[in-house]
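Chemist: input_15.csv is the file, holding CSV, C-alpha atoms:
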```csv
chain,number,residue,atom,x,y,z
A,96,MET,CA,22.4,0.2,-17.4
A,97,MET,CA,23.0,0.6,-13.7
A,98,ARG,CA,22.0,4.1,-12.5
A,99,SER,CA,24.0,5.9,-9.9
A,100,ARG,CA,22.3,6.1,-6.5
A,101,SER,CA,25.1,7.7,-4.5
A,102,SER,CA,23.2,10.9,-3.6
A,103,PRO,CA,20.0,9.2,-2.3
A,104,PHE,CA,22.1,6.6,-0.5
A,105,ASN,CA,24.2,9.2,1.3
A,106,LYS,CA,21.0,11.1,2.3
A,107,SER,CA,19.6,7.9,3.7
A,108,LEU,CA,22.7,7.3,5.8
A,109,LEU,CA,22.4,10.8,7.2
A,110,ALA,CA,18.7,10.4,7.9
A,111,LEU,CA,19.4,7.0,9.6
A,112,PHE,CA,22.1,8.6,11.8
A,113,VAL,CA,19.7,11.4,12.9
A,114,LEU,CA,16.8,9.0,13.5
A,115,LEU,CA,19.0,6.6,15.6
A,116,HIS,CA,20.9,9.1,17.6
A,117,VAL,CA,18.9,12.3,17.8
A,118,VAL,CA,15.2,11.5,17.9
A,119,PRO,CA,15.2,8.8,20.6
A,120,ALA,CA,17.2,11.1,22.9
A,121,ALA,CA,14.8,14.0,22.3
A,122,ALA,CA,11.8,11.7,22.8
A,123,GLN,CA,12.9,11.1,26.4
A,124,GLU,CA,12.6,14.9,27.1
A,125,LEU,CA,9.2,15.5,25.5
A,126,GLY,CA,6.4,16.8,27.8
A,127,ASP,CA,3.1,15.4,28.9
A,128,GLY,CA,0.9,14.1,26.1
A,129,VAL,CA,3.7,14.2,23.5
A,130,GLN,CA,5.0,11.0,21.9
A,131,ALA,CA,7.7,10.4,19.2
A,132,HIS,CA,8.1,7.2,17.2
A,133,GLY,CA,10.3,6.2,14.3
A,134,PHE,CA,11.2,3.3,12.1
A,135,VAL,CA,13.8,2.1,9.7
A,136,SER,CA,13.7,-0.8,7.3
A,137,GLN,CA,16.3,-2.1,4.8
A,138,SER,CA,15.7,-4.8,2.3
A,139,LEU,CA,17.8,-6.8,-0.2
A,140,VAL,CA,16.0,-8.1,-3.3
A,141,TYR,CA,17.1,-10.7,-5.8
A,142,THR,CA,14.9,-11.6,-8.8
A,143,SER,CA,15.4,-14.2,-11.5
A,144,ASP,CA,13.9,-11.7,-14.0
A,145,ASN,CA,12.3,-8.2,-13.9
A,146,ASN,CA,13.2,-5.5,-11.3
A,147,VAL,CA,11.8,-4.8,-7.9
A,148,GLY,CA,13.3,-2.2,-5.6
A,149,GLY,CA,16.1,-1.3,-8.0
A,150,ASP,CA,18.2,-3.3,-10.4
A,151,SER,CA,17.4,-6.8,-9.0
A,152,ASP,CA,17.3,-8.8,-12.2
A,153,ASP,CA,19.9,-11.5,-11.7
A,154,GLY,CA,21.5,-9.3,-9.1
A,155,ILE,CA,21.0,-7.9,-5.6
A,156,ALA,CA,19.2,-4.6,-5.2
A,157,SER,CA,19.5,-2.7,-2.0
A,158,GLU,CA,17.3,0.3,-2.9
A,159,LEU,CA,14.2,-0.9,-1.0
A,160,ARG,CA,14.3,1.0,2.3
A,161,GLU,CA,12.2,3.3,4.5
A,162,LEU,CA,12.9,5.9,7.1
A,163,GLY,CA,10.1,7.6,9.1
A,164,ALA,CA,9.5,9.5,12.2
A,165,ASN,CA,6.2,10.7,13.7
A,166,LEU,CA,5.1,13.0,16.5
A,167,SER,CA,1.8,13.1,18.3
A,168,TRP,CA,0.5,15.6,20.9
A,169,ARG,CA,-2.5,14.6,23.0
A,170,VAL,CA,-3.5,18.2,23.9
A,171,ASN,CA,-6.3,16.9,26.1
A,172,PRO,CA,-8.6,13.9,26.1
A,173,ASP,CA,-10.6,15.3,23.2
A,174,TRP,CA,-7.8,16.8,20.9
A,175,LEU,CA,-4.9,15.0,19.2
A,176,ILE,CA,-2.4,16.4,16.7
A,177,SER,CA,-0.2,13.9,14.7
A,178,ALA,CA,2.1,14.0,11.8
A,179,GLN,CA,4.7,11.8,10.1
A,180,ALA,CA,7.7,12.5,7.8
A,181,LEU,CA,8.9,9.7,5.5
A,182,ALA,CA,11.6,9.0,3.1
A,183,ARG,CA,11.2,5.9,1.0
A,184,TRP,CA,13.3,4.2,-1.7
A,185,ALA,CA,11.9,1.7,-4.2
A,186,GLY,CA,13.8,1.9,-7.5
A,187,SER,CA,12.9,4.7,-9.8
A,188,SER,CA,9.4,5.1,-8.6
A,189,ASP,CA,10.5,6.3,-5.2
A,190,GLU,CA,13.9,7.9,-4.7
A,191,GLY,CA,14.0,9.0,-1.1
A,192,ASP,CA,12.5,12.4,-1.3
A,193,LEU,CA,11.4,13.5,2.2
A,194,ARG,CA,7.7,14.2,2.4
A,195,LEU,CA,4.8,14.6,4.8
A,196,ASP,CA,3.3,11.1,4.9
A,197,TYR,CA,0.3,12.3,6.9
A,198,GLY,CA,-0.6,15.1,9.3
A,199,PHE,CA,-3.9,15.7,10.9
A,200,VAL,CA,-5.9,17.1,13.8
A,201,ASP,CA,-8.3,14.8,15.5
A,202,HIS,CA,-11.2,15.9,17.7
A,203,THR,CA,-13.5,13.7,19.8
A,204,LEU,CA,-17.0,15.0,19.5
A,205,TYR,CA,-18.7,12.5,21.8
A,206,SER,CA,-17.6,9.7,24.1
A,207,ASN,CA,-19.3,7.9,26.9
A,208,GLY,CA,-17.0,5.0,27.5
A,209,GLU,CA,-18.8,2.6,25.1
A,210,ASP,CA,-19.5,4.8,22.1
A,211,GLN,CA,-17.3,7.4,20.5
A,212,LEU,CA,-17.7,9.9,17.6
A,213,GLY,CA,-14.9,12.0,16.2
A,214,ILE,CA,-13.7,14.2,13.3
A,215,ARG,CA,-10.3,14.3,11.7
A,216,PHE,CA,-9.0,16.8,9.2
A,217,GLY,CA,-5.7,17.4,7.4
A,218,LYS,CA,-3.8,14.9,5.4
A,219,ILE,CA,-5.5,11.8,6.7
A,220,LYS,CA,-4.9,8.1,6.2
A,221,ASN,CA,-7.4,6.4,3.9
A,222,PRO,CA,-9.3,3.3,5.1
A,223,TYR,CA,-8.6,0.4,2.7
A,224,GLY,CA,-8.6,-3.2,3.8
A,225,PHE,CA,-6.8,-4.4,6.9
A,226,TYR,CA,-3.4,-2.9,6.3
A,227,ASN,CA,-3.5,0.4,4.4
A,228,THR,CA,-3.5,2.7,7.5
A,229,THR,CA,-0.6,0.8,9.1
A,230,ARG,CA,1.4,-0.1,6.0
A,231,ASP,CA,4.1,2.5,6.6
A,232,VAL,CA,5.6,0.5,9.5
A,233,ALA,CA,7.3,-2.8,8.5
A,234,HIS,CA,6.4,-4.5,11.8
A,235,THR,CA,2.7,-4.3,11.0
A,236,ARG,CA,2.7,-6.0,7.6
A,237,PRO,CA,1.9,-9.6,7.0
A,238,GLY,CA,5.2,-10.1,5.3
A,239,ILE,CA,8.1,-8.0,3.9
A,240,LEU,CA,5.8,-6.9,1.0
A,241,LEU,CA,2.1,-6.4,1.6
A,242,PRO,CA,0.0,-8.7,-0.7
A,243,GLN,CA,0.6,-6.8,-3.9
A,244,ALA,CA,-2.6,-8.0,-5.5
A,245,VAL,CA,-4.6,-5.8,-3.1
A,246,TYR,CA,-2.0,-3.3,-1.9
A,247,ILE,CA,0.1,-2.4,-4.9
A,248,ASP,CA,3.3,-0.6,-3.7
A,249,GLU,CA,3.5,1.2,-7.0
A,250,LEU,CA,0.3,3.1,-5.9
A,251,ARG,CA,1.2,3.5,-2.2
A,252,ASN,CA,1.8,7.2,-2.2
A,253,THR,CA,-1.6,7.8,-3.8
A,254,PHE,CA,-3.7,5.6,-1.6
A,255,LEU,CA,-2.0,5.9,1.8
A,256,ALA,CA,-3.3,9.3,2.7
A,257,ALA,CA,-4.9,12.4,1.2
A,258,PRO,CA,-6.1,15.9,2.2
A,259,GLY,CA,-9.6,15.9,3.5
A,260,VAL,CA,-11.9,15.3,6.4
A,261,SER,CA,-12.9,12.1,8.1
A,262,PHE,CA,-15.8,11.2,10.4
A,263,ASN,CA,-15.1,8.2,12.6
A,264,GLY,CA,-16.5,6.3,15.5
A,265,ASN,CA,-16.8,3.1,17.4
A,266,THR,CA,-19.4,1.2,19.4
A,267,SER,CA,-18.7,-1.6,22.0
A,268,PHE,CA,-21.0,-4.5,22.6
A,269,ASP,CA,-20.8,-7.5,25.1
A,270,ASP,CA,-17.9,-9.3,23.3
A,271,SER,CA,-17.3,-7.2,20.1
A,272,LEU,CA,-16.4,-3.8,18.8
A,273,VAL,CA,-17.5,-2.0,15.6
A,274,GLU,CA,-15.3,0.8,14.2
A,275,TRP,CA,-16.1,2.9,11.2
A,276,SER,CA,-14.8,5.8,9.3
A,277,LEU,CA,-16.0,7.9,6.3
A,278,ASN,CA,-13.4,10.0,4.5
A,279,PHE,CA,-14.0,12.8,2.0
A,280,VAL,CA,-10.7,13.5,0.3
A,281,ARG,CA,-9.0,14.9,-2.8
A,282,PRO,CA,-6.4,12.1,-3.6
A,283,GLU,CA,-2.8,13.1,-4.3
A,284,VAL,CA,-2.4,11.4,-7.7
A,285,ASP,CA,0.4,13.4,-9.3
A,286,ALA,CA,3.1,10.8,-8.8
A,287,ARG,CA,5.0,9.8,-11.9
A,288,SER,CA,4.6,6.1,-10.9
A,289,LEU,CA,0.8,6.4,-11.1
A,290,THR,CA,0.8,7.9,-14.6
A,291,ASN,CA,3.2,5.1,-15.7
A,292,TYR,CA,1.0,2.5,-14.1
A,293,MET,CA,-2.4,3.8,-15.3
A,294,LEU,CA,-1.4,5.1,-18.8
A,295,THR,CA,1.9,3.3,-19.6
A,296,ASN,CA,4.4,6.1,-19.3
A,297,GLN,CA,2.5,9.1,-20.9
A,298,PRO,CA,4.0,12.6,-20.4
A,299,GLY,CA,1.0,14.2,-18.7
A,300,TYR,CA,-0.1,14.0,-15.0
A,301,PHE,CA,-3.2,13.3,-12.9
A,302,GLU,CA,-5.0,15.6,-10.5
A,303,GLY,CA,-7.3,14.4,-7.8
A,304,GLU,CA,-11.0,15.2,-7.7
A,305,LYS,CA,-13.5,15.0,-4.9
A,306,SER,CA,-13.6,11.4,-3.7
A,307,TRP,CA,-14.7,9.3,-0.7
A,308,LEU,CA,-13.8,6.1,1.1
A,309,GLY,CA,-15.6,4.4,3.9
A,310,GLN,CA,-15.0,1.4,6.1
A,311,ALA,CA,-16.7,-0.6,8.8
A,312,MET,CA,-14.6,-3.1,10.9
A,313,TRP,CA,-16.1,-5.7,13.3
A,314,GLU,CA,-14.0,-7.4,15.9
A,315,GLN,CA,-15.1,-10.2,18.3
A,316,GLN,CA,-13.6,-11.8,21.3
A,317,GLY,CA,-10.6,-9.5,21.5
A,318,GLY,CA,-9.6,-10.0,17.9
A,319,ALA,CA,-10.3,-13.7,17.5
A,320,TRP,CA,-12.5,-12.8,14.6
A,321,ARG,CA,-12.1,-9.7,12.5
A,322,MET,CA,-14.2,-8.7,9.5
A,323,GLY,CA,-14.3,-5.5,7.4
A,324,LEU,CA,-15.9,-3.9,4.4
A,325,THR,CA,-14.4,-1.0,2.5
A,326,LEU,CA,-16.3,1.0,-0.1
A,327,GLY,CA,-15.3,4.1,-2.0
A,328,ASN,CA,-15.1,6.1,-5.2
A,329,VAL,CA,-11.7,7.6,-6.0
A,330,LYS,CA,-11.6,10.1,-8.9
A,331,MET,CA,-8.8,11.6,-10.9
A,332,ALA,CA,-8.5,13.8,-14.1
A,333,TYR,CA,-5.6,13.6,-16.6
A,334,ARG,CA,-3.9,16.8,-17.6
A,335,THR,CA,-2.1,16.8,-20.9
A,336,THR,CA,1.2,18.4,-22.0
A,337,PRO,CA,2.1,19.8,-25.5
A,338,ALA,CA,3.9,16.6,-26.2
A,339,ASP,CA,0.9,14.4,-25.4
A,340,PHE,CA,-1.3,12.7,-28.0
A,341,LEU,CA,-3.9,11.9,-25.4
A,342,ARG,CA,-6.9,14.1,-24.5
A,343,PRO,CA,-7.8,15.2,-20.9
A,344,GLY,CA,-9.5,12.0,-19.8
A,345,LYS,CA,-10.9,10.9,-16.4
A,346,ILE,CA,-10.7,7.8,-14.3
A,347,ALA,CA,-13.1,6.8,-11.5
A,348,LEU,CA,-12.3,3.8,-9.2
A,349,HIS,CA,-15.5,2.4,-7.6
A,350,THR,CA,-13.9,0.3,-4.9
A,351,GLY,CA,-15.0,-2.6,-2.7
A,352,VAL,CA,-12.8,-4.7,-0.4
A,353,LEU,CA,-14.0,-7.6,1.9
A,354,SER,CA,-11.6,-8.6,4.7
A,355,LEU,CA,-11.8,-11.6,7.0
A,356,GLU,CA,-9.4,-12.9,9.7
A,357,HIS,CA,-9.5,-15.6,12.4
A,358,ASN,CA,-6.8,-15.7,15.1
A,359,ARG,CA,-5.9,-18.5,17.4
A,360,GLU,CA,-3.0,-18.8,19.9
A,361,THR,CA,-0.6,-20.3,17.5
A,362,TRP,CA,-2.0,-19.6,14.0
A,363,SER,CA,-4.0,-17.0,12.0
A,364,MET,CA,-5.8,-17.1,8.7
A,365,THR,CA,-6.4,-13.9,6.7
A,366,ALA,CA,-8.2,-13.4,3.4
A,367,GLU,CA,-9.2,-10.3,1.5
A,368,TYR,CA,-11.1,-9.9,-1.8
A,369,ALA,CA,-11.3,-6.7,-3.8
A,370,LEU,CA,-13.4,-5.6,-6.8
A,371,ILE,CA,-12.6,-2.2,-8.3
A,372,ARG,CA,-14.8,-1.0,-11.1
A,373,GLN,CA,-12.6,1.2,-13.2
A,374,ARG,CA,-14.5,3.7,-15.4
A,375,ARG,CA,-12.4,5.6,-18.0
A,376,GLY,CA,-13.2,8.1,-20.6
A,377,GLY,CA,-11.9,10.9,-22.8
A,378,PHE,CA,-8.4,9.8,-23.4
A,379,LEU,CA,-8.8,8.9,-27.1
A,380,PRO,CA,-12.3,10.1,-28.1
A,381,PHE,CA,-11.5,9.8,-31.8
A,382,LEU,CA,-10.9,6.1,-31.6
A,383,ALA,CA,-13.7,3.5,-31.1
A,384,ASN,CA,-12.9,0.7,-28.6
A,385,SER,CA,-9.7,2.3,-27.3
A,386,ALA,CA,-7.8,0.3,-24.8
A,387,LEU,CA,-7.2,3.4,-22.7
A,388,ASP,CA,-10.9,4.3,-22.5
A,389,LYS,CA,-12.0,0.7,-21.8
A,390,ASP,CA,-14.1,0.2,-18.6
A,391,THR,CA,-12.9,-2.8,-16.6
A,392,THR,CA,-13.4,-4.4,-13.2
A,393,VAL,CA,-10.2,-5.3,-11.4
A,394,GLU,CA,-10.4,-8.5,-9.3
A,395,ALA,CA,-7.9,-9.2,-6.6
A,396,GLY,CA,-7.5,-11.3,-3.5
A,397,TYR,CA,-5.3,-13.4,-1.3
A,398,LEU,CA,-5.4,-16.1,1.4
A,399,GLN,CA,-2.6,-16.2,4.0
A,400,GLY,CA,-1.9,-18.7,6.8
A,401,LEU,CA,0.5,-17.8,9.6
A,402,TYR,CA,1.9,-20.2,12.2
A,403,ARG,CA,3.7,-19.0,15.4
A,404,PHE,CA,6.5,-21.5,16.2
A,405,THR,CA,7.5,-19.5,19.4
A,406,PRO,CA,6.6,-16.0,20.6
A,407,ARG,CA,9.6,-14.7,18.6
A,408,TRP,CA,9.4,-16.9,15.4
A,409,HIS,CA,6.6,-17.3,12.9
A,410,GLY,CA,6.2,-18.5,9.4
A,411,TYR,CA,3.6,-17.8,6.7
A,412,ALA,CA,2.4,-18.9,3.3
A,413,ARG,CA,0.2,-16.9,0.9
A,414,TYR,CA,-1.4,-17.2,-2.4
A,415,GLU,CA,-2.6,-14.0,-4.2
A,416,PHE,CA,-4.1,-13.2,-7.5
A,417,LEU,CA,-4.6,-10.0,-9.5
A,418,TYR,CA,-6.6,-9.6,-12.7
A,419,LEU,CA,-6.8,-6.1,-14.2
A,420,ASP,CA,-10.0,-7.2,-15.9
A,421,LYS,CA,-12.0,-10.0,-14.3
A,422,ASN,CA,-13.7,-10.7,-17.7
A,423,ASP,CA,-10.3,-10.9,-19.5
A,424,ARG,CA,-8.2,-12.8,-17.0
A,425,ASN,CA,-5.6,-13.9,-19.6
A,426,GLY,CA,-5.2,-10.4,-21.0
A,427,ARG,CA,-5.8,-11.4,-24.6
A,428,GLU,CA,-8.7,-9.1,-25.3
A,429,PHE,CA,-6.8,-6.0,-24.0
A,430,ASN,CA,-3.7,-7.1,-25.9
A,431,ALA,CA,-5.8,-7.1,-29.1
A,432,LEU,CA,-7.3,-3.7,-28.3
A,433,SER,CA,-3.9,-2.2,-27.7
A,434,GLY,CA,-2.6,-3.5,-31.1
A,435,GLY,CA,-0.2,-5.8,-29.3
A,436,LEU,CA,1.5,-3.0,-27.4
A,437,VAL,CA,0.4,-4.3,-24.0
A,438,PRO,CA,1.5,-7.9,-23.5
A,439,THR,CA,-1.0,-10.3,-21.9
A,440,MET,CA,1.3,-10.9,-18.9
A,441,GLN,CA,0.9,-7.2,-17.8
A,442,ARG,CA,-2.8,-7.9,-17.2
A,443,PHE,CA,-2.5,-10.5,-14.5
A,444,SER,CA,-0.4,-11.9,-11.7
A,445,ARG,CA,-0.5,-15.0,-9.5
A,446,ASP,CA,1.9,-15.1,-6.7
A,447,LYS,CA,2.9,-18.0,-4.3
A,448,VAL,CA,4.7,-16.7,-1.2
A,449,ILE,CA,6.4,-18.3,1.8
A,450,GLY,CA,8.2,-16.4,4.5
A,451,VAL,CA,9.7,-16.5,8.0
A,452,ARG,CA,10.2,-13.7,10.6
A,453,PHE,CA,12.2,-13.5,13.8
A,454,ASP,CA,11.6,-10.7,16.4
A,455,PRO,CA,14.6,-10.6,18.7
A,456,ASP,CA,12.7,-8.0,20.8
A,457,THR,CA,9.8,-5.6,20.4
A,458,SER,CA,12.0,-3.1,18.4
A,459,TRP,CA,13.7,-5.4,15.8
A,460,SER,CA,12.4,-7.8,13.2
A,461,LEU,CA,14.4,-9.9,10.7
A,462,SER,CA,12.5,-11.5,7.8
A,463,ALA,CA,13.0,-13.6,4.7
A,464,GLU,CA,10.5,-14.1,1.9
A,465,LEU,CA,10.4,-16.2,-1.3
A,466,HIS,CA,8.0,-15.5,-4.3
A,467,ASP,CA,7.1,-17.6,-7.3
A,468,VAL,CA,5.2,-15.3,-9.6
A,469,ASP,CA,3.3,-15.8,-12.9
A,470,GLY,CA,2.5,-12.4,-14.5
A,471,THR,CA,3.6,-8.8,-14.1
A,472,ALA,CA,0.4,-6.9,-13.3
A,473,TRP,CA,1.8,-5.2,-10.2
A,474,LEU,CA,5.4,-4.7,-11.3
A,475,PRO,CA,6.6,-1.0,-11.4
A,476,ARG,CA,6.4,0.0,-15.1
A,477,ILE,CA,9.1,2.7,-14.7
A,478,ASP,CA,11.7,0.0,-13.7
A,479,ASN,CA,10.5,-2.6,-16.2
A,480,PRO,CA,10.4,-1.7,-19.9
A,481,THR,CA,7.8,-3.9,-21.6
A,482,ALA,CA,10.4,-5.4,-24.0
A,483,ARG,CA,12.4,-6.8,-21.1
A,484,MET,CA,9.6,-8.1,-18.9
A,485,LYS,CA,9.4,-11.9,-18.3
A,486,ARG,CA,6.1,-13.6,-17.4
A,487,GLN,CA,7.5,-16.3,-15.1
A,488,TRP,CA,9.9,-15.1,-12.4
A,489,ASP,CA,11.1,-15.6,-8.8
A,490,MET,CA,12.0,-13.3,-6.1
A,491,VAL,CA,13.9,-13.5,-2.8
A,492,LEU,CA,13.7,-10.8,-0.2
A,493,LEU,CA,15.6,-10.2,3.1
A,494,GLN,CA,14.7,-7.4,5.5
A,495,ALA,CA,15.8,-5.9,8.8
A,496,ALA,CA,13.5,-3.4,10.5
A,497,TRP,CA,13.7,-1.4,13.6
A,498,ARG,CA,11.3,0.9,15.4
A,499,PHE,CA,11.0,2.9,18.6
```
Would you encode the structure as structure tokens?
Modeler:
Amino acid sequence: MMRSRSSPFNKSLLALFVLLHVVPAAAQELGDGVQAHGFVSQSLVYTSDNNVGGDSDDGIASELRELGANLSWRVNPDWLISAQALARWAGSSDEGDLRLDYGFVDHTLYSNGEDQLGIRFGKIKNPYGFYNTTRDVAHTRPGILLPQAVYIDELRNTFLAAPGVSFNGNTSFDDSLVEWSLNFVRPEVDARSLTNYMLTNQPGYFEGEKSWLGQAMWEQQGGAWRMGLTLGNVKMAYRTTPADFLRPGKIALHTGVLSLEHNRETWSMTAEYALIRQRRGGFLPFLANSALDKDTTVEAGYLQGLYRFTPRWHGYARYEFLYLDKNDRNGREFNALSGGLVPTMQRFSRDKVIGVRFDPDTSWSLSAELHDVDGTAWLPRIDNPTARMKRQWDMVLLQAAWRF
């Protein structure tokens, strides 16, 4: 059944009007050290089966859009205050509620021109691979959708930013730069989409526990080579409700991501590989070998090639894979543990992607993308009841994005 979206759609039009007409004008009158930026993106999605960004199954969904505005104030060379408000639509998992995407105070503790050390506190962005800290702006992504194997949009709100403190720094060498950050956070994991994804639509909710994420990035020859390593341990506890048959369990995600990129004048190659050790316990203590309490290691990765036809046109091709258990890649073992409730196709995905993008100027981008997908591991559970999921499916996306 098609669900009414009139209220969120009207709100998005109002927000779009404000962003296009009010914020740019105000930005011209801001004082020294103050900058305002904003962005809008609107996508159309068609899928042969399953739903992405709304009711896209054999139809066209227009509910994949983003509106954001951020403000930063460079108080002096050592102090920076920055925040961003965002409204995002992505089917039932994100319905356009306005929220604080991030907001922090940054202080430079030491700087001598070559080395720098700083501290950042507030709701801070989490380091994770190449793209997590910039994924909010469509222009910075390597496609309309980020590689879903590594950057699952269903978990975006949980992993983009979290309250905490970050220590960061960089060191320059003759022809290279090393940047690092170490975040101590309490992740925001109360989103309904996270519970649906982690526990298949249970009535309870998660609370974040003390966690950490760290990253080191090395860049050589002005970005000709880029390499990074992300490590972390993200913890969450499940809180039950009276209607819940589960117990208050816990999940810890021991995370590692290796990132590598090589850039030339006309082409780029990018690859990322992630292993996430998922430790679970306490959900069904009265059952031996429970699927919900099973420890697994998620394996994910992608390889993308990009070619620049002209300064304004580029095309790309990508292959990505996601296995929710690298020792059970076809999902049969988990299917048996769940008593057949979780189909094998929900435990993996393999996606072949081709796309093209045109940038008329520095503010606009127009993109088209085609996906050939085997499996449903990254599909939003809330928009895709298990009984209606199809293993083999195709997707076409069109997107227009603007920023200032």
Chemist: In Å, rounded to a single decimal, give me how far atom CA of A:Thr361 is from atom CA of A:Ser462.
Modeler: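 So the two atoms, atom CA of A:Ser462 and atom CA of A:Thr361, lie 18.5 Å apart.
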Chemist: In Å to one decimal, how far is atom CA of A:Gly186 from atom CA of A:Asp152?
Modeler: 12.2 Å
Chemist: Find the residues around A:Gly376 up to 8 Å (all atoms listed in the file counted), leave out those fewer than 2 positions away in its own chain, and share them as a PDB file with C-alpha atoms, in the coordinates of the input.
Modeler:
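Output below, filename around01.pdb:
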```pdb
ATOM      1  CA  GLY A 344      -9.500  12.000 -19.800  1.00  0.00           C
ATOM      2  CA  LYS A 345     -10.900  10.900 -16.400  1.00  0.00           C
ATOM      3  CA  ILE A 346     -10.700   7.800 -14.300  1.00  0.00           C
ATOM      4  CA  ARG A 374     -14.500   3.700 -15.400  1.00  0.00           C
ATOM      5  CA  PHE A 378      -8.400   9.800 -23.400  1.00  0.00           C
ATOM      6  CA  LEU A 379      -8.800   8.900 -27.100  1.00  0.00           C
ATOM      7  CA  PRO A 380     -12.300  10.100 -28.100  1.00  0.00           C
ATOM      8  CA  LEU A 387      -7.200   3.400 -22.700  1.00  0.00           C
ATOM      9  CA  ASP A 388     -10.900   4.300 -22.500  1.00  0.00           C
ATOM     10  CA  LYS A 389     -12.000   0.700 -21.800  1.00  0.00           C
TER      11      LYS A 389
END
```
Chemist: Would you mind listing what lies within 8 Å of A:Ala472 as a PyMOL selection string, with all atoms listed in the file counted and same-chain residues fewer than 6 positions away left out?
Modeler: chain A and resi 417-419+440-444
Chemist: Quick one, how far is atom CA of A:Phe416 from atom CA of A:Glu394?
Modeler: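 Atom-to-atom, atom CA of A:Phe416 to atom CA of A:Glu394, that is 8.1 Å.
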Chemist: Identify which of the residues A:Asp196, A:Asp489, A:Glu274, A:Glu464 lies closest to A:Leu162, counting all atoms listed in the file when measuring atom-to-atom distances.
Modeler: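 Of all the options, A:Asp196 lies closest to A:Leu162.
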Chemist: A:Phe268, A:Trp174, A:Phe279, A:Phe453: which is nearest A:Lys220, counting all atoms listed in the file?
Modeler: A:Phe279
Chemist: For a cut-off of 12 Å around (7.4, 16.3, 6.5), file coordinates, pick out all residues using all atoms listed in the file and list them as an MDAnalysis selection string.
Modeler: chainID A and resid 162:166 177:182 192:198 218
Chemist: Could you pull the residues within 12 Å of A:Asn296, counting all atoms listed in the file, minus those fewer than 6 positions along the same chain, as a list in words?
Modeler: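 Listed by chain and then number, they are Ser188, Ala286, Arg287, Ser288, Leu289, Thr290, Asp339, Leu341, Pro475, Arg476, Ile477, Asp478, Asn479, Pro480 and Thr481 of chain A.
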Chemist: Within 7 Å of (-10.5, 12.1, -0.1), all atoms listed in the file: residues as a list in words?
Modeler: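 Here the neighbourhood of the point contains Ala257, Pro258, Gly259, Asn278, Phe279, Val280, Arg281, Pro282, Lys305, Ser306, Trp307 and Leu308 of chain A.
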Chemist: Of the residues A:Phe429, A:Tyr414, A:Tyr402, A:Tyr223, which is the one nearest to A:Ser385, using all atoms listed in the file?
Modeler: A:Phe429
